[in-house]
Structures are given as structure tokens and as C-alpha cells.
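Student: One file: final_26.tsv (TSV, C-alpha atoms).
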```
chain	number	residue	atom	x	y	z
A	14	MET	CA	208.19	9.37	-96.01
A	15	ILE	CA	205.70	6.53	-95.77
A	16	TYR	CA	204.80	5.62	-92.19
A	17	GLN	CA	205.93	2.15	-91.10
A	18	PRO	CA	203.13	0.62	-89.02
A	19	ILE	CA	203.98	-0.99	-85.68
A	20	LYS	CA	202.24	-4.22	-84.70
A	21	ASN	CA	202.07	-3.45	-80.99
A	22	PHE	CA	199.74	-0.48	-81.57
A	23	MET	CA	197.26	-2.54	-83.60
A	24	ARG	CA	197.56	-5.28	-80.98
A	25	MET	CA	196.38	-2.78	-78.33
A	26	ALA	CA	193.40	-1.83	-80.51
A	27	ILE	CA	192.54	-5.52	-80.96
A	28	ASP	CA	192.82	-6.21	-77.24
A	29	ASP	CA	190.52	-3.30	-76.43
A	30	ALA	CA	187.97	-4.58	-78.96
A	31	LEU	CA	188.11	-7.98	-77.24
A	32	VAL	CA	187.00	-6.34	-73.99
A	33	ASN	CA	183.68	-5.64	-75.73
A	34	PHE	CA	183.01	-9.37	-75.95
A	35	LYS	CA	182.78	-9.48	-72.19
A	36	MET	CA	180.40	-6.56	-71.69
A	37	PRO	CA	177.40	-5.22	-73.60
A	38	THR	CA	178.94	-1.95	-74.70
A	39	GLY	CA	179.19	-2.29	-78.45
A	40	GLY	CA	180.73	-4.07	-81.40
A	41	PRO	CA	184.05	-5.79	-82.07
A	42	PHE	CA	186.00	-2.68	-82.97
A	43	GLY	CA	189.07	-0.99	-81.46
A	44	ALA	CA	191.33	1.94	-82.28
A	45	CYS	CA	194.64	3.38	-81.08
A	46	ILE	CA	196.06	6.87	-81.74
A	47	VAL	CA	199.80	7.54	-81.50
A	48	LYS	CA	201.99	10.60	-82.02
A	49	ASN	CA	205.74	10.11	-82.47
A	50	ASN	CA	205.05	6.54	-81.32
A	51	ASP	CA	203.65	7.73	-77.99
A	52	ILE	CA	200.18	6.32	-77.30
A	53	LEU	CA	197.53	9.03	-76.85
A	54	ALA	CA	194.41	6.84	-76.80
A	55	VAL	CA	193.23	3.23	-76.97
A	56	SER	CA	189.46	2.95	-77.37
A	57	ARG	CA	186.67	0.50	-78.12
A	58	ASN	CA	183.25	0.94	-79.70
A	59	THR	CA	180.60	1.92	-77.12
A	60	VAL	CA	177.53	2.53	-79.31
A	61	LEU	CA	175.19	0.30	-77.32
A	62	ALA	CA	176.22	1.88	-74.02
A	63	GLU	CA	176.28	5.49	-75.20
A	64	ASP	CA	175.18	6.69	-78.64
A	65	ALA	CA	175.62	6.06	-82.36
A	66	THR	CA	178.65	8.34	-82.64
A	67	CYS	CA	180.71	6.21	-80.23
A	68	HIS	CA	182.72	4.22	-82.73
A	69	ALA	CA	186.20	3.24	-81.52
A	70	GLU	CA	187.83	5.87	-83.76
A	71	ILE	CA	185.60	8.70	-82.50
A	72	ASN	CA	186.18	7.69	-78.88
A	73	ALA	CA	189.94	7.60	-79.54
A	74	ILE	CA	189.92	11.04	-81.18
A	75	ARG	CA	188.04	12.50	-78.23
A	76	THR	CA	190.50	11.01	-75.73
A	77	ALA	CA	193.56	12.05	-77.76
A	78	SER	CA	192.22	15.61	-78.00
A	79	ARG	CA	191.73	15.76	-74.26
A	80	MET	CA	195.29	14.48	-73.82
A	81	LEU	CA	196.75	17.19	-76.07
A	82	GLY	CA	194.28	19.95	-75.16
A	83	THR	CA	193.43	20.69	-78.79
A	84	PHE	CA	191.19	19.48	-81.60
A	85	ASN	CA	194.27	19.46	-83.84
A	86	LEU	CA	195.81	15.98	-84.04
A	87	GLU	CA	198.21	16.69	-86.91
A	88	ASN	CA	201.12	14.24	-87.19
A	89	CYS	CA	199.05	11.63	-85.36
A	90	VAL	CA	198.43	8.11	-86.69
A	91	ILE	CA	195.25	6.12	-86.07
A	92	TYR	CA	195.23	2.32	-86.00
A	93	SER	CA	191.75	0.87	-86.46
A	94	THR	CA	190.84	-2.82	-86.43
A	95	THR	CA	188.33	-2.12	-89.25
A	96	GLU	CA	188.36	0.40	-92.11
A	97	PRO	CA	186.91	3.68	-90.80
A	98	CYS	CA	183.31	4.34	-91.87
A	99	PRO	CA	182.50	7.72	-93.49
A	100	MET	CA	181.65	9.21	-90.08
A	101	CYS	CA	185.05	8.22	-88.73
A	102	PHE	CA	186.86	9.20	-91.94
A	103	GLY	CA	185.25	12.63	-91.61
A	104	ALA	CA	186.33	12.90	-87.97
A	105	ILE	CA	189.90	11.88	-88.93
A	106	HIS	CA	189.87	14.62	-91.57
A	107	TRP	CA	188.61	17.29	-89.18
A	108	ALA	CA	191.16	16.23	-86.54
A	109	ARG	CA	193.94	16.49	-89.20
A	110	ILE	CA	195.26	13.01	-88.44
A	111	SER	CA	197.94	12.21	-91.03
A	112	THR	CA	197.72	8.41	-91.41
A	113	ILE	CA	195.02	5.72	-91.18
A	114	ILE	CA	196.08	2.08	-90.69
A	115	TYR	CA	193.38	-0.57	-90.72
A	116	GLY	CA	192.93	-4.34	-90.68
A	117	THR	CA	189.56	-5.59	-91.96
A	118	SER	CA	187.45	-3.75	-94.54
A	119	ILE	CA	184.00	-2.17	-94.53
A	120	GLU	CA	182.89	-5.15	-96.61
A	121	ASP	CA	184.06	-7.49	-93.87
A	122	ALA	CA	181.96	-5.49	-91.36
A	123	LEU	CA	178.95	-5.74	-93.69
A	124	ASN	CA	179.47	-9.51	-93.84
A	125	ALA	CA	179.50	-9.61	-90.04
A	126	GLY	CA	176.05	-7.97	-90.06
A	127	PHE	CA	176.80	-4.29	-89.46
A	128	ASN	CA	174.70	-1.71	-91.27
A	129	GLU	CA	177.57	0.07	-93.01
A	130	LEU	CA	177.24	2.85	-95.55
A	131	THR	CA	179.03	1.44	-98.59
A	132	VAL	CA	181.41	4.37	-98.97
A	133	PHE	CA	185.02	3.30	-98.62
A	134	THR	CA	188.02	5.24	-97.30
A	135	GLN	CA	189.64	5.39	-100.74
A	136	THR	CA	186.40	6.82	-102.19
A	137	MET	CA	186.16	9.39	-99.39
A	138	LYS	CA	189.80	10.37	-99.87
A	139	GLN	CA	189.38	10.80	-103.61
A	140	LEU	CA	186.00	12.59	-103.58
A	141	GLY	CA	186.95	14.75	-100.61
A	142	ASN	CA	190.37	15.63	-102.01
A	143	SER	CA	191.97	14.54	-98.73
A	144	SER	CA	195.71	14.16	-98.21
A	145	VAL	CA	195.43	11.50	-95.51
A	146	GLU	CA	197.67	8.46	-96.03
A	147	ILE	CA	195.85	5.10	-95.92
A	148	ILE	CA	197.51	1.75	-95.15
A	149	GLU	CA	195.12	-1.17	-95.70
A	150	ASN	CA	195.07	-4.85	-94.63
A	151	PHE	CA	197.52	-4.39	-91.74
A	152	MET	CA	197.31	-7.48	-89.47
A	153	ARG	CA	194.12	-8.37	-91.32
A	154	ASP	CA	194.01	-11.97	-90.07
A	155	GLU	CA	194.22	-10.96	-86.42
A	156	CYS	CA	191.56	-8.26	-86.96
A	157	MET	CA	189.31	-10.70	-88.84
A	158	GLU	CA	189.45	-12.99	-85.83
A	159	LEU	CA	187.44	-10.32	-83.97
A	160	PHE	CA	184.52	-10.77	-86.38
A	161	THR	CA	184.85	-14.57	-86.30
A	162	GLU	CA	184.68	-14.62	-82.52
A	163	TRP	CA	181.96	-11.97	-82.44
A	164	ILE	CA	179.67	-13.98	-84.69
A	165	LYS	CA	180.05	-16.96	-82.35
A	166	THR	CA	179.08	-14.84	-79.33
A	167	LYS	CA	175.63	-15.43	-77.93
A	168	ASN	CA	173.40	-12.36	-77.93
A	169	ASN	CA	175.68	-10.31	-80.16
A	170	ILE	CA	173.86	-7.21	-81.38
A	171	THR	CA	174.62	-5.57	-84.71
A	172	TYR	CA	173.47	-2.05	-85.61
B	300	MET	CA	154.69	11.14	-96.45
B	301	ILE	CA	157.15	13.97	-96.92
B	302	TYR	CA	158.02	15.74	-93.66
B	303	GLN	CA	156.88	19.38	-93.51
B	304	PRO	CA	159.67	21.39	-91.87
B	305	ILE	CA	158.81	23.79	-89.06
B	306	LYS	CA	160.54	27.17	-88.92
B	307	ASN	CA	160.70	27.36	-85.14
B	308	PHE	CA	163.02	24.35	-84.93
B	309	MET	CA	165.51	25.83	-87.39
B	310	ARG	CA	165.20	29.14	-85.55
B	311	MET	CA	166.34	27.41	-82.37
B	312	ALA	CA	169.35	25.93	-84.19
B	313	ILE	CA	170.23	29.39	-85.57
B	314	ASP	CA	169.89	31.01	-82.15
B	315	ASP	CA	172.21	28.41	-80.60
B	316	ALA	CA	174.77	29.01	-83.35
B	317	LEU	CA	174.61	32.72	-82.56
B	318	VAL	CA	175.72	31.95	-79.00
B	319	ASN	CA	179.06	30.87	-80.49
B	320	PHE	CA	179.72	34.42	-81.63
B	321	LYS	CA	179.92	35.47	-78.02
B	322	MET	CA	182.30	32.79	-76.77
B	323	PRO	CA	185.31	31.01	-78.26
B	324	THR	CA	183.75	27.54	-78.48
B	325	GLY	CA	183.51	26.93	-82.20
B	326	GLY	CA	182.02	27.89	-85.53
B	327	PRO	CA	178.70	29.40	-86.64
B	328	PHE	CA	176.77	26.15	-86.73
B	329	GLY	CA	173.69	24.90	-84.87
B	330	ALA	CA	171.42	21.86	-84.92
B	331	CYS	CA	168.12	20.76	-83.43
B	332	ILE	CA	166.69	17.21	-83.19
B	333	VAL	CA	162.96	16.61	-82.81
B	334	LYS	CA	160.75	13.53	-82.56
B	335	ASN	CA	157.01	13.89	-83.13
B	336	ASN	CA	157.70	17.62	-82.93
B	337	ASP	CA	159.08	17.32	-79.41
B	338	ILE	CA	162.55	18.86	-79.07
B	339	LEU	CA	165.18	16.37	-77.91
B	340	ALA	CA	168.29	18.51	-78.41
B	341	VAL	CA	169.48	21.95	-79.46
B	342	SER	CA	173.27	22.13	-79.90
B	343	ARG	CA	176.05	24.30	-81.22
B	344	ASN	CA	179.49	23.49	-82.63
B	345	THR	CA	182.11	23.20	-79.87
B	346	VAL	CA	185.20	22.06	-81.82
B	347	LEU	CA	187.53	24.73	-80.44
B	348	ALA	CA	186.46	24.03	-76.85
B	349	GLU	CA	186.42	20.23	-77.07
B	350	ASP	CA	187.55	18.18	-80.07
B	351	ALA	CA	187.15	17.85	-83.84
B	352	THR	CA	184.10	15.58	-83.56
B	353	CYS	CA	182.03	18.27	-81.78
B	354	HIS	CA	180.03	19.55	-84.72
B	355	ALA	CA	176.55	20.79	-83.82
B	356	GLU	CA	174.94	17.67	-85.32
B	357	ILE	CA	177.17	15.24	-83.37
B	358	ASN	CA	176.55	17.16	-80.14
B	359	ALA	CA	172.79	17.08	-80.83
B	360	ILE	CA	172.82	13.32	-81.54
B	361	ARG	CA	174.67	12.66	-78.29
B	362	THR	CA	172.20	14.73	-76.29
B	363	ALA	CA	169.15	13.22	-78.00
B	364	SER	CA	170.49	9.70	-77.32
B	365	ARG	CA	170.96	10.53	-73.66
B	366	MET	CA	167.38	11.87	-73.60
B	367	LEU	CA	165.93	8.67	-75.09
B	368	GLY	CA	168.38	6.24	-73.48
B	369	THR	CA	169.27	4.59	-76.79
B	370	PHE	CA	171.53	5.05	-79.81
B	371	ASN	CA	168.47	4.50	-81.99
B	372	LEU	CA	166.94	7.82	-83.10
B	373	GLU	CA	164.57	6.39	-85.70
B	374	ASN	CA	161.68	8.69	-86.61
B	375	CYS	CA	163.72	11.68	-85.50
B	376	VAL	CA	164.36	14.74	-87.67
B	377	ILE	CA	167.54	16.83	-87.56
B	378	TYR	CA	167.56	20.53	-88.45
B	379	SER	CA	171.04	21.81	-89.25
B	380	THR	CA	171.96	25.38	-90.15
B	381	THR	CA	174.49	24.00	-92.68
B	382	GLU	CA	174.49	20.84	-94.81
B	383	PRO	CA	175.91	18.01	-92.70
B	384	CYS	CA	179.52	17.08	-93.55
B	385	PRO	CA	180.35	13.41	-94.24
B	386	MET	CA	181.17	12.84	-90.55
B	387	CYS	CA	177.75	14.14	-89.52
B	388	PHE	CA	175.97	12.37	-92.39
B	389	GLY	CA	177.57	9.14	-91.19
B	390	ALA	CA	176.46	9.79	-87.61
B	391	ILE	CA	172.92	10.54	-88.81
B	392	HIS	CA	172.94	7.22	-90.68
B	393	TRP	CA	174.18	5.23	-87.68
B	394	ALA	CA	171.62	6.93	-85.42
B	395	ARG	CA	168.85	6.01	-87.92
B	396	ILE	CA	167.53	9.57	-88.10
B	397	SER	CA	164.87	9.68	-90.82
B	398	THR	CA	165.12	13.25	-92.16
B	399	ILE	CA	167.81	15.92	-92.60
B	400	ILE	CA	166.76	19.56	-93.07
B	401	TYR	CA	169.44	22.11	-93.74
B	402	GLY	CA	169.90	25.78	-94.67
B	403	THR	CA	173.26	26.67	-96.20
B	404	SER	CA	175.39	24.24	-98.23
B	405	ILE	CA	178.86	22.70	-97.76
B	406	GLU	CA	179.98	25.06	-100.53
B	407	ASP	CA	178.80	28.03	-98.48
B	408	ALA	CA	180.88	26.74	-95.54
B	409	LEU	CA	183.90	26.40	-97.84
B	410	ASN	CA	183.37	29.99	-98.94
B	411	ALA	CA	183.31	31.06	-95.29
B	412	GLY	CA	186.77	29.48	-94.87
B	413	PHE	CA	186.01	26.07	-93.35
B	414	ASN	CA	188.13	23.10	-94.43
B	415	GLU	CA	185.25	20.93	-95.67
B	416	LEU	CA	185.61	17.61	-97.42
B	417	THR	CA	183.84	18.20	-100.74
B	418	VAL	CA	181.46	15.27	-100.38
B	419	PHE	CA	177.85	16.38	-100.34
B	420	THR	CA	174.85	14.83	-98.58
B	421	GLN	CA	173.23	13.80	-101.89
B	422	THR	CA	176.48	12.06	-102.91
B	423	MET	CA	176.72	10.29	-99.55
B	424	LYS	CA	173.06	9.22	-99.79
B	425	GLN	CA	173.52	7.85	-103.29
B	426	LEU	CA	176.90	6.13	-102.79
B	427	GLY	CA	175.91	4.77	-99.38
B	428	ASN	CA	172.50	3.57	-100.54
B	429	SER	CA	170.90	5.47	-97.64
B	430	SER	CA	167.15	5.96	-97.26
B	431	VAL	CA	167.43	9.24	-95.32
B	432	GLU	CA	165.18	12.03	-96.61
B	433	ILE	CA	167.03	15.31	-97.35
B	434	ILE	CA	165.36	18.75	-97.47
B	435	GLU	CA	167.75	21.45	-98.75
B	436	ASN	CA	167.79	25.24	-98.62
B	437	PHE	CA	165.32	25.54	-95.74
B	438	MET	CA	165.53	29.10	-94.33
B	439	ARG	CA	168.73	29.49	-96.31
B	440	ASP	CA	168.82	33.30	-96.03
B	441	GLU	CA	168.59	33.24	-92.25
B	442	CYS	CA	171.24	30.51	-92.06
B	443	MET	CA	173.51	32.40	-94.48
B	444	GLU	CA	173.34	35.38	-92.15
B	445	LEU	CA	175.34	33.28	-89.65
B	446	PHE	CA	178.28	33.11	-92.09
B	447	THR	CA	177.95	36.80	-92.98
B	448	GLU	CA	178.09	37.82	-89.34
B	449	TRP	CA	180.82	35.27	-88.57
B	450	ILE	CA	183.12	36.65	-91.25
B	451	LYS	CA	182.71	40.14	-89.75
B	452	THR	CA	183.66	38.85	-86.26
B	453	LYS	CA	187.12	39.78	-85.04
B	454	ASN	CA	189.36	36.81	-84.25
B	455	ASN	CA	187.08	34.28	-85.89
B	456	ILE	CA	188.90	30.96	-86.26
B	457	THR	CA	188.15	28.53	-89.07
B	458	TYR	CA	189.30	24.89	-89.04
```
Let me see the structure of the file written as C-alpha cells.
Tutor:
Amino acid sequence: MIYQPIKNFMRMAIDDALVNFKMPTGGPFGACIVKNNDILAVSRNTVLAEDATCHAEINAIRTASRMLGTFNLENCVIYSTTEPCPMCFGAIHWARISTIIYGTSIEDALNAGFNELTVFTQTMKQLGNSSVEIIENFMRDECMELFTEWIKTKNNITY
Amino acid sequence: MIYQPIKNFMRMAIDDALVNFKMPTGGPFGACIVKNNDILAVSRNTVLAEDATCHAEINAIRTASRMLGTFNLENCVIYSTTEPCPMCFGAIHWARISTIIYGTSIEDALNAGFNELTVFTQTMKQLGNSSVEIIENFMRDECMELFTEWIKTKNNITY
């Protein structure tokens, strides 16, 4: 059965990304992990405050794992405001998350000035022989607004 | 100038991986990050104790970033007992590490029972248009010994 995405979960990821506009923690990215429609984690990107691994998706996986007490997040769904980069796709694979739902694309992040590896989730899925389900362009307009507002922000830092 | 790898740094990564045989924290993997031949981090895999993102390389990047107080690890070198997976390759990219040195390959890890995505560092470098330098098969025999011993270990858990 194909997972039917729920707007409220992406909305929470977007709202957490918006928090980053008000503090110098990282970029305009948010993620939310749910299991059976229970929220396990809502996280933002904290690269500038912590380290390069602290993308929203990685932070969400870490929190969700602490919540469940295991590295194994099978039957979980991750909502991400932007297409997961290869690091995050790899983490989603290792955590056994079943479904990825994202708004804007890696190309959109490149256009906003981020130094993305140009390896897309569909490429990673195909090359890596992964069974993860990918739902693209979910609430893309609302997620794109994050980049639009970010670019207008004074002293925004890309990396 | 091509970086000349130093055996002692890989030895430290191997020794830290060996610690994992004696406690149920994770797999037979270790990593070491150096800058100007100063050691910033020596880390082991702690997936079973923490979460799926806790590969040795990710743990080492986090520690090295805390040491330097920045996400930016440019001019750093990472020694890894096994070829970095796509998650770790992505993290190395985002952290701006200049050189990857590894012993055994992703295929060796597959053969030891780990659920690797079959996307190799050279593929990631090429597709992602990355400038990272990759040195393969460094101290491969010593690193392979980790898998040999791991497979013999009672109650070893792959993931």
C-alpha cells in the first residue's frame, strides 16, 4: 500500500525550519519522523551550531532512535522539507525507514547556494538497490518559501 | 601534492574497532581524523548502542568538529578501516575533509554480512563531482582481520 502523506507533519517540519531564521544554527531545512502517525521527532538543521552531520534528517533520526531505544526505525516515515542529500539518504537506509516524503529538490538547494553533491534520491535508490519508497514534490510551494525567505535574510550562511 | 598515509593513524582506527569486540556497541569499524598529522578524533562504530547514524566516520567527524569548534574540517584527513558508505561519504563532503584513506571495501563489508548500499566512494565522487582524494586498500590485510575476527565472534550482530 502506498503511504498517503499528511500535511500536518510536513507543516511541523517547515515550522521547525523557520526557527532557524531567528537563530544562527543552520540552514532552512526541517524534518519530521512519524510511526503509525505518531510523531517521534521534529528537527531542524544545526550544522553551524554543531557539525556537518547535523542535517535536519540526521537530527530527527537520532531523536527518533532515542525515543524508541533502537537504531531500527522500520515502518517509520520521514518528512523532509528538501530532498535528502546522499548522507541523509544513507542514514535513512541504515535506519530502515520505509518512506521518504520531500518538498523541494536538491537542485532547489543548489540554487539557494548550498554545496550539494549532485546525487539524487532516485539515483541513490537505484544504484543502492534500496526498497525505500520516495514521494516527491509534497507541499513543494510551502517548502520553496523557506528558500525564498532564507535568501532574503541578512547574514545567511550557506555551506 | 598527494597525501602520504601514515600507518600509525590507521593502526589507531583498527585498535578502536577492536574495542567493539569486547562490548555490544556496534560493528568492527574504526576511524581516525588528523590535521597536519595531529590527531583530532579516534572513533568506533556505535550503531547498536546509539542510532543508525553512529558509524565510526560520523562519530569521528562529530568529535573533530567539537575539537576545532567548527563544522569545517578542511585540510583534514580521515582514515577508515572500511570504505565509507554513502552516508559517511556525504558527511565527509559536507565537512570538507580533503582526503579519505581506507582499508577494506564496501564489498568486503557486504561479505561480512552488513546491509550496505552498493554505492562506492569512487561512484559517489564521480556522480557528485567531488574533489575529495581517495586512497584505497591501505593496510587492507590488517583491516580485513577485523572482519575475520568479527565473524568468529559469538553473538555478533550485523545490520
Student: Under the rule that only C-alpha atoms are counted, which of A:Asp154, A:Asp29, A:Asp64, A:Glu149 is the nearest residue to chain B?
Tutor: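 Among A:Asp154, A:Asp29, A:Asp64, A:Glu149, it is A:Asp64 that comes nearest to chain B.
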Student: What are the closest atom pairs, with distances in Å to one decimal, for all residues of chain B lying within 10 Å of chain A? Consider all atoms listed in the file, order rows by chain and residue number, and present the result as JSON lines.
Tutor:
```
{"residue": "B:Thr345", "atom": "CA", "partner": "A:Phe84", "partner_atom": "CA", "distance": 10.0}
{"residue": "B:Val346", "atom": "CA", "partner": "A:Phe84", "partner_atom": "CA", "distance": 6.5}
{"residue": "B:Leu347", "atom": "CA", "partner": "A:Phe84", "partner_atom": "CA", "distance": 6.5}
{"residue": "B:Ala348", "atom": "CA", "partner": "A:Thr83", "partner_atom": "CA", "distance": 8.0}
{"residue": "B:Glu349", "atom": "CA", "partner": "A:Phe84", "partner_atom": "CA", "distance": 6.6}
{"residue": "B:Asp350", "atom": "CA", "partner": "A:Phe84", "partner_atom": "CA", "distance": 4.2}
{"residue": "B:Ala351", "atom": "CA", "partner": "A:Phe84", "partner_atom": "CA", "distance": 4.9}
{"residue": "B:Thr352", "atom": "CA", "partner": "A:Ala104", "partner_atom": "CA", "distance": 5.6}
{"residue": "B:Cys353", "atom": "CA", "partner": "A:Arg75", "partner_atom": "CA", "distance": 9.1}
{"residue": "B:His354", "atom": "CA", "partner": "A:Ala104", "partner_atom": "CA", "distance": 9.7}
{"residue": "B:Ile357", "atom": "CA", "partner": "A:Thr66", "partner_atom": "CA", "distance": 7.1}
{"residue": "B:Asn358", "atom": "CA", "partner": "A:Thr66", "partner_atom": "CA", "distance": 9.4}
{"residue": "B:Ile360", "atom": "CA", "partner": "A:Asp64", "partner_atom": "CA", "distance": 7.6}
{"residue": "B:Arg361", "atom": "CA", "partner": "A:Asp64", "partner_atom": "CA", "distance": 6.0}
{"residue": "B:Thr362", "atom": "CA", "partner": "A:Asp64", "partner_atom": "CA", "distance": 8.9}
{"residue": "B:Ala363", "atom": "CA", "partner": "A:Asp64", "partner_atom": "CA", "distance": 8.9}
{"residue": "B:Ser364", "atom": "CA", "partner": "A:Asp64", "partner_atom": "CA", "distance": 5.7}
{"residue": "B:Arg365", "atom": "CA", "partner": "A:Glu63", "partner_atom": "CA", "distance": 7.5}
{"residue": "B:Gly368", "atom": "CA", "partner": "A:Glu63", "partner_atom": "CA", "distance": 8.1}
{"residue": "B:Thr369", "atom": "CA", "partner": "A:Asp64", "partner_atom": "CA", "distance": 6.5}
{"residue": "B:Phe370", "atom": "CA", "partner": "A:Asp64", "partner_atom": "CA", "distance": 4.2}
{"residue": "B:Asn371", "atom": "CA", "partner": "A:Ala65", "partner_atom": "CA", "distance": 7.3}
{"residue": "B:Leu372", "atom": "CA", "partner": "A:Ala65", "partner_atom": "CA", "distance": 8.9}
{"residue": "B:Cys384", "atom": "CA", "partner": "A:Gly103", "partner_atom": "CA", "distance": 7.5}
{"residue": "B:Pro385", "atom": "CA", "partner": "A:Gly103", "partner_atom": "CA", "distance": 5.6}
{"residue": "B:Met386", "atom": "CA", "partner": "A:Met100", "partner_atom": "CA", "distance": 3.7}
{"residue": "B:Cys387", "atom": "CA", "partner": "A:Met100", "partner_atom": "CA", "distance": 6.3}
{"residue": "B:Phe388", "atom": "CA", "partner": "A:Met100", "partner_atom": "CA", "distance": 6.9}
{"residue": "B:Gly389", "atom": "CA", "partner": "A:Met100", "partner_atom": "CA", "distance": 4.2}
{"residue": "B:Ala390", "atom": "CA", "partner": "A:Thr66", "partner_atom": "CA", "distance": 5.6}
{"residue": "B:Ile391", "atom": "CA", "partner": "A:Ala65", "partner_atom": "CA", "distance": 8.3}
{"residue": "B:His392", "atom": "CA", "partner": "A:Leu130", "partner_atom": "CA", "distance": 7.8}
{"residue": "B:Trp393", "atom": "CA", "partner": "A:Ala65", "partner_atom": "CA", "distance": 5.6}
{"residue": "B:Ala394", "atom": "CA", "partner": "A:Ala65", "partner_atom": "CA", "distance": 5.1}
{"residue": "B:Arg395", "atom": "CA", "partner": "A:Ala65", "partner_atom": "CA", "distance": 8.8}
{"residue": "B:Asn414", "atom": "CA", "partner": "A:Trp107", "partner_atom": "CA", "distance": 7.8}
{"residue": "B:Glu415", "atom": "CA", "partner": "A:Gly141", "partner_atom": "CA", "distance": 8.1}
{"residue": "B:Leu416", "atom": "CA", "partner": "A:Gly141", "partner_atom": "CA", "distance": 4.5}
{"residue": "B:Thr417", "atom": "CA", "partner": "A:Gly141", "partner_atom": "CA", "distance": 4.6}
{"residue": "B:Val418", "atom": "CA", "partner": "A:Gly141", "partner_atom": "CA", "distance": 5.5}
{"residue": "B:Phe419", "atom": "CA", "partner": "A:Gly141", "partner_atom": "CA", "distance": 9.2}
{"residue": "B:Thr422", "atom": "CA", "partner": "A:Leu140", "partner_atom": "CA", "distance": 9.6}
{"residue": "B:Met423", "atom": "CA", "partner": "A:Val132", "partner_atom": "CA", "distance": 7.6}
{"residue": "B:Lys424", "atom": "CA", "partner": "A:Leu130", "partner_atom": "CA", "distance": 8.7}
{"residue": "B:Gln425", "atom": "CA", "partner": "A:Val132", "partner_atom": "CA", "distance": 9.6}
{"residue": "B:Leu426", "atom": "CA", "partner": "A:Val132", "partner_atom": "CA", "distance": 6.2}
{"residue": "B:Gly427", "atom": "CA", "partner": "A:Leu130", "partner_atom": "CA", "distance": 4.5}
{"residue": "B:Asn428", "atom": "CA", "partner": "A:Leu130", "partner_atom": "CA", "distance": 6.9}
{"residue": "B:Ser429", "atom": "CA", "partner": "A:Leu130", "partner_atom": "CA", "distance": 7.2}
{"residue": "B:Tyr458", "atom": "CA", "partner": "A:Trp107", "partner_atom": "CA", "distance": 7.6}
```
Student: Applying 12 Å and only C-alpha atoms, which residues near Leu317 in chain B remain after dropping the ones on its own chain fewer than 6 positions away? List them as a list in words.
Tutor: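 The neighbour list is Arg310, Met311, Pro323, Thr324, Gly325, Gly326, Pro327, Phe328, Gly329, Ala330, Ser342, Arg343, Asn344, Thr380, Glu441, Cys442, Met443, Glu444, Leu445, Phe446, Thr447, Glu448, Trp449 and Thr452 of chain B.
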Student: Got a sec: who's within 8 Å of Ser404 in chain B, counting only C-alpha atoms, leaving out chain neighbours fewer than 6 positions off, as a ChimeraX atom specification?
Tutor: /B:381-382,436
Student: Can you spit out the residues from that selection as a PDB file, keeping the file's coordinate frame, using C-alpha atoms?
Tutor:
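Saved file again-v1.pdb follows:
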```pdb
ATOM      1  CA  THR B 381     174.490  24.000 -92.680  1.00  0.00           C
ATOM      2  CA  GLU B 382     174.490  20.840 -94.810  1.00  0.00           C
ATOM      3  CA  ASN B 436     167.790  25.240 -98.620  1.00  0.00           C
TER       4      ASN B 436
END
```
Student: Between CA of Ile19 in chain A and CA of Ile113 in chain A, measure the distance and give it in Å to one decimal.
Tutor: 12.5 Å
Student: Work out how far apart CA of Thr457 in chain B and CA of Phe413 in chain B are and give it in Å to one decimal.
Tutor: 5.4 Å
Student: Using 6 Å of padding on each side, determine the axis-aligned box around all atoms of range 350-353 of chain B present in the file and give its centre and edge lengths in Å to one decimal, as AutoDock Vina command-line options.
Tutor:
```
--center_x 184.8 --center_y 16.9 --center_z -82.0 --size_x 17.5 --size_y 14.7 --size_z 15.8
```
Student: Can you tell me how far CA of Ile164 in chain A sits from CA of Asp121 in chain A, in Å to one decimal?
Tutor: 12.1 Å
Student: Would you list the residues near (202.2, 13.4, -84.8) (no more than 8 Å away, in the coordinates of the file, using only C-alpha atoms) as a VMD selection string?
Tutor: chain A and resid 47 to 49 86 to 90 110 to 111
